$ cat model-v8.csv   # CSV, C-alpha atoms
chain,number,residue,atom,x,y,z
A,91,MET,CA,57.5,-76.9,33.9
A,92,SER,CA,59.4,-75.7,30.9
A,93,HIS,CA,59.3,-72.0,30.1
A,94,GLN,CA,60.7,-72.4,26.6
A,95,PHE,CA,59.0,-71.4,23.3
A,96,THR,CA,59.1,-74.9,21.8
A,97,ARG,CA,59.0,-76.0,18.2
A,98,ASP,CA,55.4,-77.3,18.7
A,99,GLN,CA,54.3,-73.7,19.4
A,100,ARG,CA,55.7,-72.3,16.1
A,101,LEU,CA,54.3,-72.1,12.6
A,102,LEU,CA,57.2,-73.6,10.6
A,103,THR,CA,56.3,-74.2,7.0
A,104,SER,CA,55.1,-71.8,4.3
A,105,ALA,CA,52.0,-74.0,4.0
A,106,ASP,CA,51.2,-73.3,7.7
A,107,PHE,CA,51.6,-69.5,7.1
A,108,GLN,CA,49.6,-69.6,3.8
A,109,ARG,CA,46.7,-71.4,5.6
A,110,VAL,CA,46.4,-68.6,8.1
A,111,PHE,CA,46.9,-65.9,5.4
A,112,ASP,CA,44.0,-67.3,3.5
A,113,ASN,CA,40.8,-65.8,5.0
A,114,PRO,CA,42.0,-65.1,8.6
A,115,LEU,CA,40.2,-63.3,11.4
A,116,LYS,CA,42.1,-60.0,11.9
A,117,SER,CA,42.7,-57.8,15.0
A,118,ALA,CA,44.8,-54.7,14.6
A,119,ASP,CA,45.9,-51.5,16.3
A,120,SER,CA,48.6,-48.9,15.5
A,121,PHE,CA,51.4,-51.3,16.5
A,122,PHE,CA,50.5,-54.8,15.4
A,123,THR,CA,48.2,-56.8,13.2
A,124,VAL,CA,47.2,-60.3,14.5
A,125,LEU,CA,45.8,-62.8,12.1
A,126,ALA,CA,44.1,-65.9,13.6
A,127,LYS,CA,42.6,-69.1,12.3
A,128,LYS,CA,41.4,-72.2,14.0
A,129,ARG,CA,43.1,-75.6,13.3
A,130,LEU,CA,41.4,-78.9,13.0
A,131,GLU,CA,44.2,-80.9,14.6
A,132,GLY,CA,46.4,-80.3,17.6
A,133,ILE,CA,45.7,-79.0,21.0
A,134,ASP,CA,48.0,-75.9,21.5
A,135,SER,CA,48.1,-72.6,19.8
A,136,ARG,CA,51.0,-71.8,17.4
A,137,LEU,CA,52.6,-68.5,16.6
A,138,GLY,CA,54.2,-67.2,13.4
A,139,LEU,CA,56.0,-63.9,13.0
A,140,ALA,CA,56.0,-61.7,9.9
A,141,ILE,CA,58.3,-58.9,10.8
A,142,ALA,CA,59.1,-56.9,7.7
A,143,LYS,CA,62.5,-55.3,7.2
A,144,LYS,CA,60.6,-52.5,5.5
A,145,GLN,CA,58.9,-51.7,8.8
A,146,LEU,CA,61.9,-52.1,11.1
A,147,LYS,CA,65.2,-51.4,9.3
A,148,ARG,CA,67.6,-52.4,12.0
A,149,ALA,CA,68.1,-56.1,13.0
A,150,VAL,CA,68.3,-55.2,16.7
A,151,ASP,CA,64.8,-53.6,16.5
A,152,ARG,CA,63.3,-56.6,14.7
A,153,ASN,CA,64.9,-59.0,17.2
A,154,ARG,CA,63.6,-57.0,20.2
A,155,ILE,CA,60.1,-57.1,18.8
A,156,LYS,CA,60.3,-60.8,18.0
A,157,ARG,CA,61.5,-61.6,21.5
A,158,LEU,CA,58.7,-59.5,23.0
A,159,ILE,CA,56.0,-61.1,20.8
A,160,ARG,CA,57.2,-64.7,21.7
A,161,GLU,CA,57.3,-63.9,25.4
A,162,THR,CA,53.8,-62.4,25.4
A,163,PHE,CA,52.4,-65.3,23.5
A,164,ARG,CA,54.2,-67.8,25.8
A,165,GLN,CA,52.9,-66.2,29.0
A,166,GLU,CA,49.3,-65.6,27.8
A,167,PRO,CA,47.1,-68.1,29.8
A,168,SER,CA,44.1,-67.7,27.5
A,169,LEU,CA,46.0,-69.2,24.6
A,170,LYS,CA,46.7,-72.5,26.3
A,171,ALA,CA,44.8,-75.6,25.1
A,172,GLN,CA,43.3,-73.8,22.0
A,173,ALA,CA,44.0,-75.1,18.5
A,174,ILE,CA,44.5,-71.7,16.9
A,175,ASP,CA,47.3,-70.5,14.6
A,176,PHE,CA,48.3,-66.8,15.0
A,177,ILE,CA,50.5,-64.6,12.8
A,178,VAL,CA,51.7,-61.3,14.2
A,179,MET,CA,52.8,-58.5,11.9
A,180,THR,CA,54.3,-55.2,12.9
A,181,ARG,CA,53.8,-51.6,11.9
A,182,HIS,CA,56.4,-48.9,11.8
A,183,SER,CA,55.2,-47.1,15.0
A,184,VAL,CA,56.2,-50.2,17.1
A,185,ARG,CA,59.9,-49.1,17.4
A,186,ALA,CA,59.2,-46.0,19.5
A,187,LYS,CA,57.2,-47.7,22.2
A,188,THR,CA,58.2,-49.4,25.4
A,189,ASN,CA,58.1,-53.1,26.0
A,190,ALA,CA,55.3,-52.7,28.5
A,191,GLU,CA,53.1,-50.7,26.1
A,192,LEU,CA,53.7,-53.2,23.3
A,193,GLN,CA,53.0,-56.2,25.6
A,194,HIS,CA,49.7,-54.7,26.7
A,195,SER,CA,48.8,-54.0,23.0
A,196,LEU,CA,49.5,-57.7,22.1
A,197,GLN,CA,47.5,-59.0,25.1
A,198,GLN,CA,44.5,-57.0,23.9
A,199,LEU,CA,44.9,-58.1,20.3
A,200,PHE,CA,45.1,-61.8,21.3
A,201,ALA,CA,42.0,-61.4,23.4
A,202,GLN,CA,40.1,-59.7,20.5
A,203,ALA,CA,41.2,-62.5,18.2
A,204,LEU,CA,39.9,-65.1,20.6
A,205,SER,CA,36.6,-63.4,21.0
A,206,LYS,CA,36.2,-63.1,17.2
A,207,LEU,CA,37.0,-66.7,16.8
A,208,ASP,CA,34.4,-67.7,19.4
A,209,GLN,CA,31.7,-65.6,17.7
A,210,ALA,CA,32.5,-67.1,14.2
$ encode --input "model-v8.csv" --output "structure tokens"
Amino acid sequence: MSHQFTRDQRLLTSADFQRVFDNPLKSADSFFTVLAKKRLEGIDSRLGLAIAKKQLKRAVDRNRIKRLIRETFRQEPSLKAQAIDFIVMTRHSVRAKTNAELQHSLQQLFAQALSKLDQA
């Protein structure tokens, strides 16, 4: 079993991102905002990252957060076999927190997004 974050699990084109940005379901806390939208085709969830330089000035901070988001997404069992596109955006307060706190926050936001999609 491969543990890589493959190309099939990523939002790649601006059209993919724009489709999610147009009328998404939103879950947010003080660290992240997660936008979600169901897809008509495909069987796996995909992830897009919108990490603003304005929020995290240093590249090392942006890269740490991107790695953490990808790893949390990849390991989340509830996202398997669901045709949903996610975009994760950060807030400034994310830099001061530990990886464990941020991972817990992301897991809750993904769960909230899934429950909102199920209700919609």
$ atom_distance --input "model-v8.csv" --atom1 "atom CA of Gln197 of chain A" --atom2 "atom CA of Ala105 of chain A"
26.3 Å
$ residues_around --input "model-v8.csv" --residues "segment 121-131 of chain A" --least-positions-apart "4" --cutoff "6 Å" --atoms "only C-alpha atoms" --output "MDAnalysis selection string"
chainID A and resid 110 114:117 173:181 183:184
$ atom_distance --input "model-v8.csv" --atom1 "atom CA of Gln193 of chain A" --atom2 "atom CA of Thr162 of chain A"
6.3 Å
$ residues_around --input "model-v8.csv" --residues "Asp98 of chain A" --least-positions-apart "3" --cutoff "12 Å" --atoms "only C-alpha atoms" --output "ChimeraX atom specification"
/A:94-95,101-102,132-138,164,173,175
$ atom_distance --input "model-v8.csv" --atom1 "atom CA of Ile155 of chain A" --atom2 "atom CA of Gln198 of chain A"
16.4 Å
$ decode --input "model-v8.csv" --residues "segment 96-140 of chain A" --atoms "N, CA and C atoms" --output "PDB file, in the first residue's frame"
ATOM      1  N   THR A  96      -0.669  11.320  -3.823  1.00  0.00           N
ATOM      2  CA  THR A  96      -0.541  11.200  -5.270  1.00  0.00           C
ATOM      3  C   THR A  96      -1.188  12.364  -6.012  1.00  0.00           C
ATOM      4  N   ARG A  97      -0.890  12.442  -7.288  1.00  0.00           N
ATOM      5  CA  ARG A  97      -1.436  13.487  -8.156  1.00  0.00           C
ATOM      6  C   ARG A  97      -2.960  13.420  -8.237  1.00  0.00           C
ATOM      7  N   ASP A  98      -3.514  12.214  -8.139  1.00  0.00           N
ATOM      8  CA  ASP A  98      -4.965  12.037  -8.178  1.00  0.00           C
ATOM      9  C   ASP A  98      -5.660  12.617  -6.947  1.00  0.00           C
ATOM     10  N   GLN A  99      -4.920  12.859  -5.881  1.00  0.00           N
ATOM     11  CA  GLN A  99      -5.486  13.386  -4.645  1.00  0.00           C
ATOM     12  C   GLN A  99      -5.353  14.905  -4.551  1.00  0.00           C
ATOM     13  N   ARG A 100      -4.916  15.564  -5.615  1.00  0.00           N
ATOM     14  CA  ARG A 100      -4.667  17.008  -5.583  1.00  0.00           C
ATOM     15  C   ARG A 100      -5.596  17.752  -6.524  1.00  0.00           C
ATOM     16  N   LEU A 101      -5.963  18.955  -6.138  1.00  0.00           N
ATOM     17  CA  LEU A 101      -6.615  19.873  -7.066  1.00  0.00           C
ATOM     18  C   LEU A 101      -5.488  20.522  -7.852  1.00  0.00           C
ATOM     19  N   LEU A 102      -5.539  20.420  -9.175  1.00  0.00           N
ATOM     20  CA  LEU A 102      -4.395  20.837  -9.985  1.00  0.00           C
ATOM     21  C   LEU A 102      -4.629  22.105 -10.792  1.00  0.00           C
ATOM     22  N   THR A 103      -5.821  22.274 -11.311  1.00  0.00           N
ATOM     23  CA  THR A 103      -6.043  23.386 -12.222  1.00  0.00           C
ATOM     24  C   THR A 103      -6.823  24.509 -11.540  1.00  0.00           C
ATOM     25  N   SER A 104      -6.717  25.695 -12.113  1.00  0.00           N
ATOM     26  CA  SER A 104      -7.467  26.827 -11.563  1.00  0.00           C
ATOM     27  C   SER A 104      -8.968  26.591 -11.701  1.00  0.00           C
ATOM     28  N   ALA A 105      -9.389  25.859 -12.711  1.00  0.00           N
ATOM     29  CA  ALA A 105     -10.811  25.531 -12.865  1.00  0.00           C
ATOM     30  C   ALA A 105     -11.294  24.665 -11.704  1.00  0.00           C
ATOM     31  N   ASP A 106     -10.456  23.708 -11.256  1.00  0.00           N
ATOM     32  CA  ASP A 106     -10.809  22.879 -10.099  1.00  0.00           C
ATOM     33  C   ASP A 106     -10.975  23.741  -8.852  1.00  0.00           C
ATOM     34  N   PHE A 107     -10.023  24.654  -8.634  1.00  0.00           N
ATOM     35  CA  PHE A 107     -10.095  25.541  -7.477  1.00  0.00           C
ATOM     36  C   PHE A 107     -11.328  26.436  -7.566  1.00  0.00           C
ATOM     37  N   GLN A 108     -11.577  27.010  -8.729  1.00  0.00           N
ATOM     38  CA  GLN A 108     -12.687  27.938  -8.898  1.00  0.00           C
ATOM     39  C   GLN A 108     -14.031  27.246  -8.662  1.00  0.00           C
ATOM     40  N   ARG A 109     -14.142  25.988  -9.067  1.00  0.00           N
ATOM     41  CA  ARG A 109     -15.371  25.248  -8.849  1.00  0.00           C
ATOM     42  C   ARG A 109     -15.658  25.096  -7.361  1.00  0.00           C
ATOM     43  N   VAL A 110     -14.616  24.909  -6.558  1.00  0.00           N
ATOM     44  CA  VAL A 110     -14.812  24.788  -5.116  1.00  0.00           C
ATOM     45  C   VAL A 110     -15.081  26.163  -4.502  1.00  0.00           C
ATOM     46  N   PHE A 111     -14.390  27.197  -4.970  1.00  0.00           N
ATOM     47  CA  PHE A 111     -14.596  28.542  -4.430  1.00  0.00           C
ATOM     48  C   PHE A 111     -15.998  29.074  -4.736  1.00  0.00           C
ATOM     49  N   ASP A 112     -16.627  28.591  -5.796  1.00  0.00           N
ATOM     50  CA  ASP A 112     -17.983  29.009  -6.140  1.00  0.00           C
ATOM     51  C   ASP A 112     -18.982  28.236  -5.282  1.00  0.00           C
ATOM     52  N   ASN A 113     -19.548  28.908  -4.292  1.00  0.00           N
ATOM     53  CA  ASN A 113     -20.599  28.341  -3.447  1.00  0.00           C
ATOM     54  C   ASN A 113     -20.169  27.080  -2.694  1.00  0.00           C
ATOM     55  N   PRO A 114     -19.119  27.147  -1.859  1.00  0.00           N
ATOM     56  CA  PRO A 114     -18.698  25.957  -1.106  1.00  0.00           C
ATOM     57  C   PRO A 114     -19.427  25.834   0.224  1.00  0.00           C
ATOM     58  N   LEU A 115     -19.293  24.677   0.842  1.00  0.00           N
ATOM     59  CA  LEU A 115     -19.659  24.514   2.244  1.00  0.00           C
ATOM     60  C   LEU A 115     -18.403  24.813   3.049  1.00  0.00           C
ATOM     61  N   LYS A 116     -18.549  25.594   4.098  1.00  0.00           N
ATOM     62  CA  LYS A 116     -17.386  26.115   4.808  1.00  0.00           C
ATOM     63  C   LYS A 116     -17.378  25.645   6.256  1.00  0.00           C
ATOM     64  N   SER A 117     -16.190  25.251   6.728  1.00  0.00           N
ATOM     65  CA  SER A 117     -15.946  24.955   8.134  1.00  0.00           C
ATOM     66  C   SER A 117     -14.712  25.752   8.531  1.00  0.00           C
ATOM     67  N   ALA A 118     -14.762  26.387   9.688  1.00  0.00           N
ATOM     68  CA  ALA A 118     -13.630  27.233  10.077  1.00  0.00           C
ATOM     69  C   ALA A 118     -13.442  27.242  11.583  1.00  0.00           C
ATOM     70  N   ASP A 119     -12.218  27.493  11.983  1.00  0.00           N
ATOM     71  CA  ASP A 119     -11.880  27.764  13.373  1.00  0.00           C
ATOM     72  C   ASP A 119     -10.827  28.859  13.371  1.00  0.00           C
ATOM     73  N   SER A 120     -10.113  29.025  14.469  1.00  0.00           N
ATOM     74  CA  SER A 120      -9.146  30.124  14.547  1.00  0.00           C
ATOM     75  C   SER A 120      -7.844  29.836  13.796  1.00  0.00           C
ATOM     76  N   PHE A 121      -7.668  28.618  13.284  1.00  0.00           N
ATOM     77  CA  PHE A 121      -6.440  28.271  12.574  1.00  0.00           C
ATOM     78  C   PHE A 121      -6.633  28.078  11.069  1.00  0.00           C
ATOM     79  N   PHE A 122      -7.733  27.429  10.680  1.00  0.00           N
ATOM     80  CA  PHE A 122      -7.946  27.061   9.285  1.00  0.00           C
ATOM     81  C   PHE A 122      -9.374  27.363   8.842  1.00  0.00           C
ATOM     82  N   THR A 123      -9.535  27.479   7.539  1.00  0.00           N
ATOM     83  CA  THR A 123     -10.841  27.477   6.897  1.00  0.00           C
ATOM     84  C   THR A 123     -10.818  26.352   5.871  1.00  0.00           C
ATOM     85  N   VAL A 124     -11.799  25.477   5.935  1.00  0.00           N
ATOM     86  CA  VAL A 124     -11.893  24.361   4.997  1.00  0.00           C
ATOM     87  C   VAL A 124     -13.133  24.574   4.140  1.00  0.00           C
ATOM     88  N   LEU A 125     -12.928  24.633   2.837  1.00  0.00           N
ATOM     89  CA  LEU A 125     -14.018  24.729   1.874  1.00  0.00           C
ATOM     90  C   LEU A 125     -14.205  23.354   1.247  1.00  0.00           C
ATOM     91  N   ALA A 126     -15.444  22.935   1.069  1.00  0.00           N
ATOM     92  CA  ALA A 126     -15.709  21.602   0.527  1.00  0.00           C
ATOM     93  C   ALA A 126     -16.837  21.662  -0.488  1.00  0.00           C
ATOM     94  N   LYS A 127     -16.719  20.815  -1.495  1.00  0.00           N
ATOM     95  CA  LYS A 127     -17.774  20.706  -2.507  1.00  0.00           C
ATOM     96  C   LYS A 127     -17.740  19.298  -3.096  1.00  0.00           C
ATOM     97  N   LYS A 128     -18.928  18.708  -3.243  1.00  0.00           N
ATOM     98  CA  LYS A 128     -19.011  17.374  -3.837  1.00  0.00           C
ATOM     99  C   LYS A 128     -18.711  17.446  -5.322  1.00  0.00           C
ATOM    100  N   ARG A 129     -18.138  16.345  -5.843  1.00  0.00           N
ATOM    101  CA  ARG A 129     -17.868  16.222  -7.276  1.00  0.00           C
ATOM    102  C   ARG A 129     -18.836  15.213  -7.861  1.00  0.00           C
ATOM    103  N   LEU A 130     -19.055  15.333  -9.152  1.00  0.00           N
ATOM    104  CA  LEU A 130     -19.923  14.378  -9.836  1.00  0.00           C
ATOM    105  C   LEU A 130     -19.147  13.162 -10.310  1.00  0.00           C
ATOM    106  N   GLU A 131     -17.886  13.358 -10.666  1.00  0.00           N
ATOM    107  CA  GLU A 131     -17.063  12.257 -11.173  1.00  0.00           C
ATOM    108  C   GLU A 131     -15.965  11.937 -10.163  1.00  0.00           C
ATOM    109  N   GLY A 132     -15.391  10.768 -10.294  1.00  0.00           N
ATOM    110  CA  GLY A 132     -14.282  10.367  -9.430  1.00  0.00           C
ATOM    111  C   GLY A 132     -14.776   9.635  -8.200  1.00  0.00           C
ATOM    112  N   ILE A 133     -13.830   8.992  -7.527  1.00  0.00           N
ATOM    113  CA  ILE A 133     -14.183   8.224  -6.338  1.00  0.00           C
ATOM    114  C   ILE A 133     -13.424   8.668  -5.102  1.00  0.00           C
ATOM    115  N   ASP A 134     -12.335   9.403  -5.263  1.00  0.00           N
ATOM    116  CA  ASP A 134     -11.526   9.823  -4.120  1.00  0.00           C
ATOM    117  C   ASP A 134     -11.642  11.313  -3.876  1.00  0.00           C
ATOM    118  N   SER A 135     -11.423  11.706  -2.633  1.00  0.00           N
ATOM    119  CA  SER A 135     -11.379  13.120  -2.285  1.00  0.00           C
ATOM    120  C   SER A 135     -10.087  13.731  -2.802  1.00  0.00           C
ATOM    121  N   ARG A 136     -10.146  15.027  -3.092  1.00  0.00           N
ATOM    122  CA  ARG A 136      -8.953  15.748  -3.538  1.00  0.00           C
ATOM    123  C   ARG A 136      -8.747  16.961  -2.643  1.00  0.00           C
ATOM    124  N   LEU A 137      -7.502  17.396  -2.549  1.00  0.00           N
ATOM    125  CA  LEU A 137      -7.128  18.493  -1.664  1.00  0.00           C
ATOM    126  C   LEU A 137      -6.428  19.589  -2.441  1.00  0.00           C
ATOM    127  N   GLY A 138      -6.804  20.815  -2.151  1.00  0.00           N
ATOM    128  CA  GLY A 138      -6.118  21.986  -2.671  1.00  0.00           C
ATOM    129  C   GLY A 138      -5.689  22.853  -1.498  1.00  0.00           C
ATOM    130  N   LEU A 139      -4.551  23.503  -1.628  1.00  0.00           N
ATOM    131  CA  LEU A 139      -4.034  24.349  -0.564  1.00  0.00           C
ATOM    132  C   LEU A 139      -3.979  25.795  -1.030  1.00  0.00           C
ATOM    133  N   ALA A 140      -4.458  26.691  -0.184  1.00  0.00           N
ATOM    134  CA  ALA A 140      -4.380  28.121  -0.456  1.00  0.00           C
ATOM    135  C   ALA A 140      -3.718  28.759   0.759  1.00  0.00           C
TER     136      ALA A 140
END
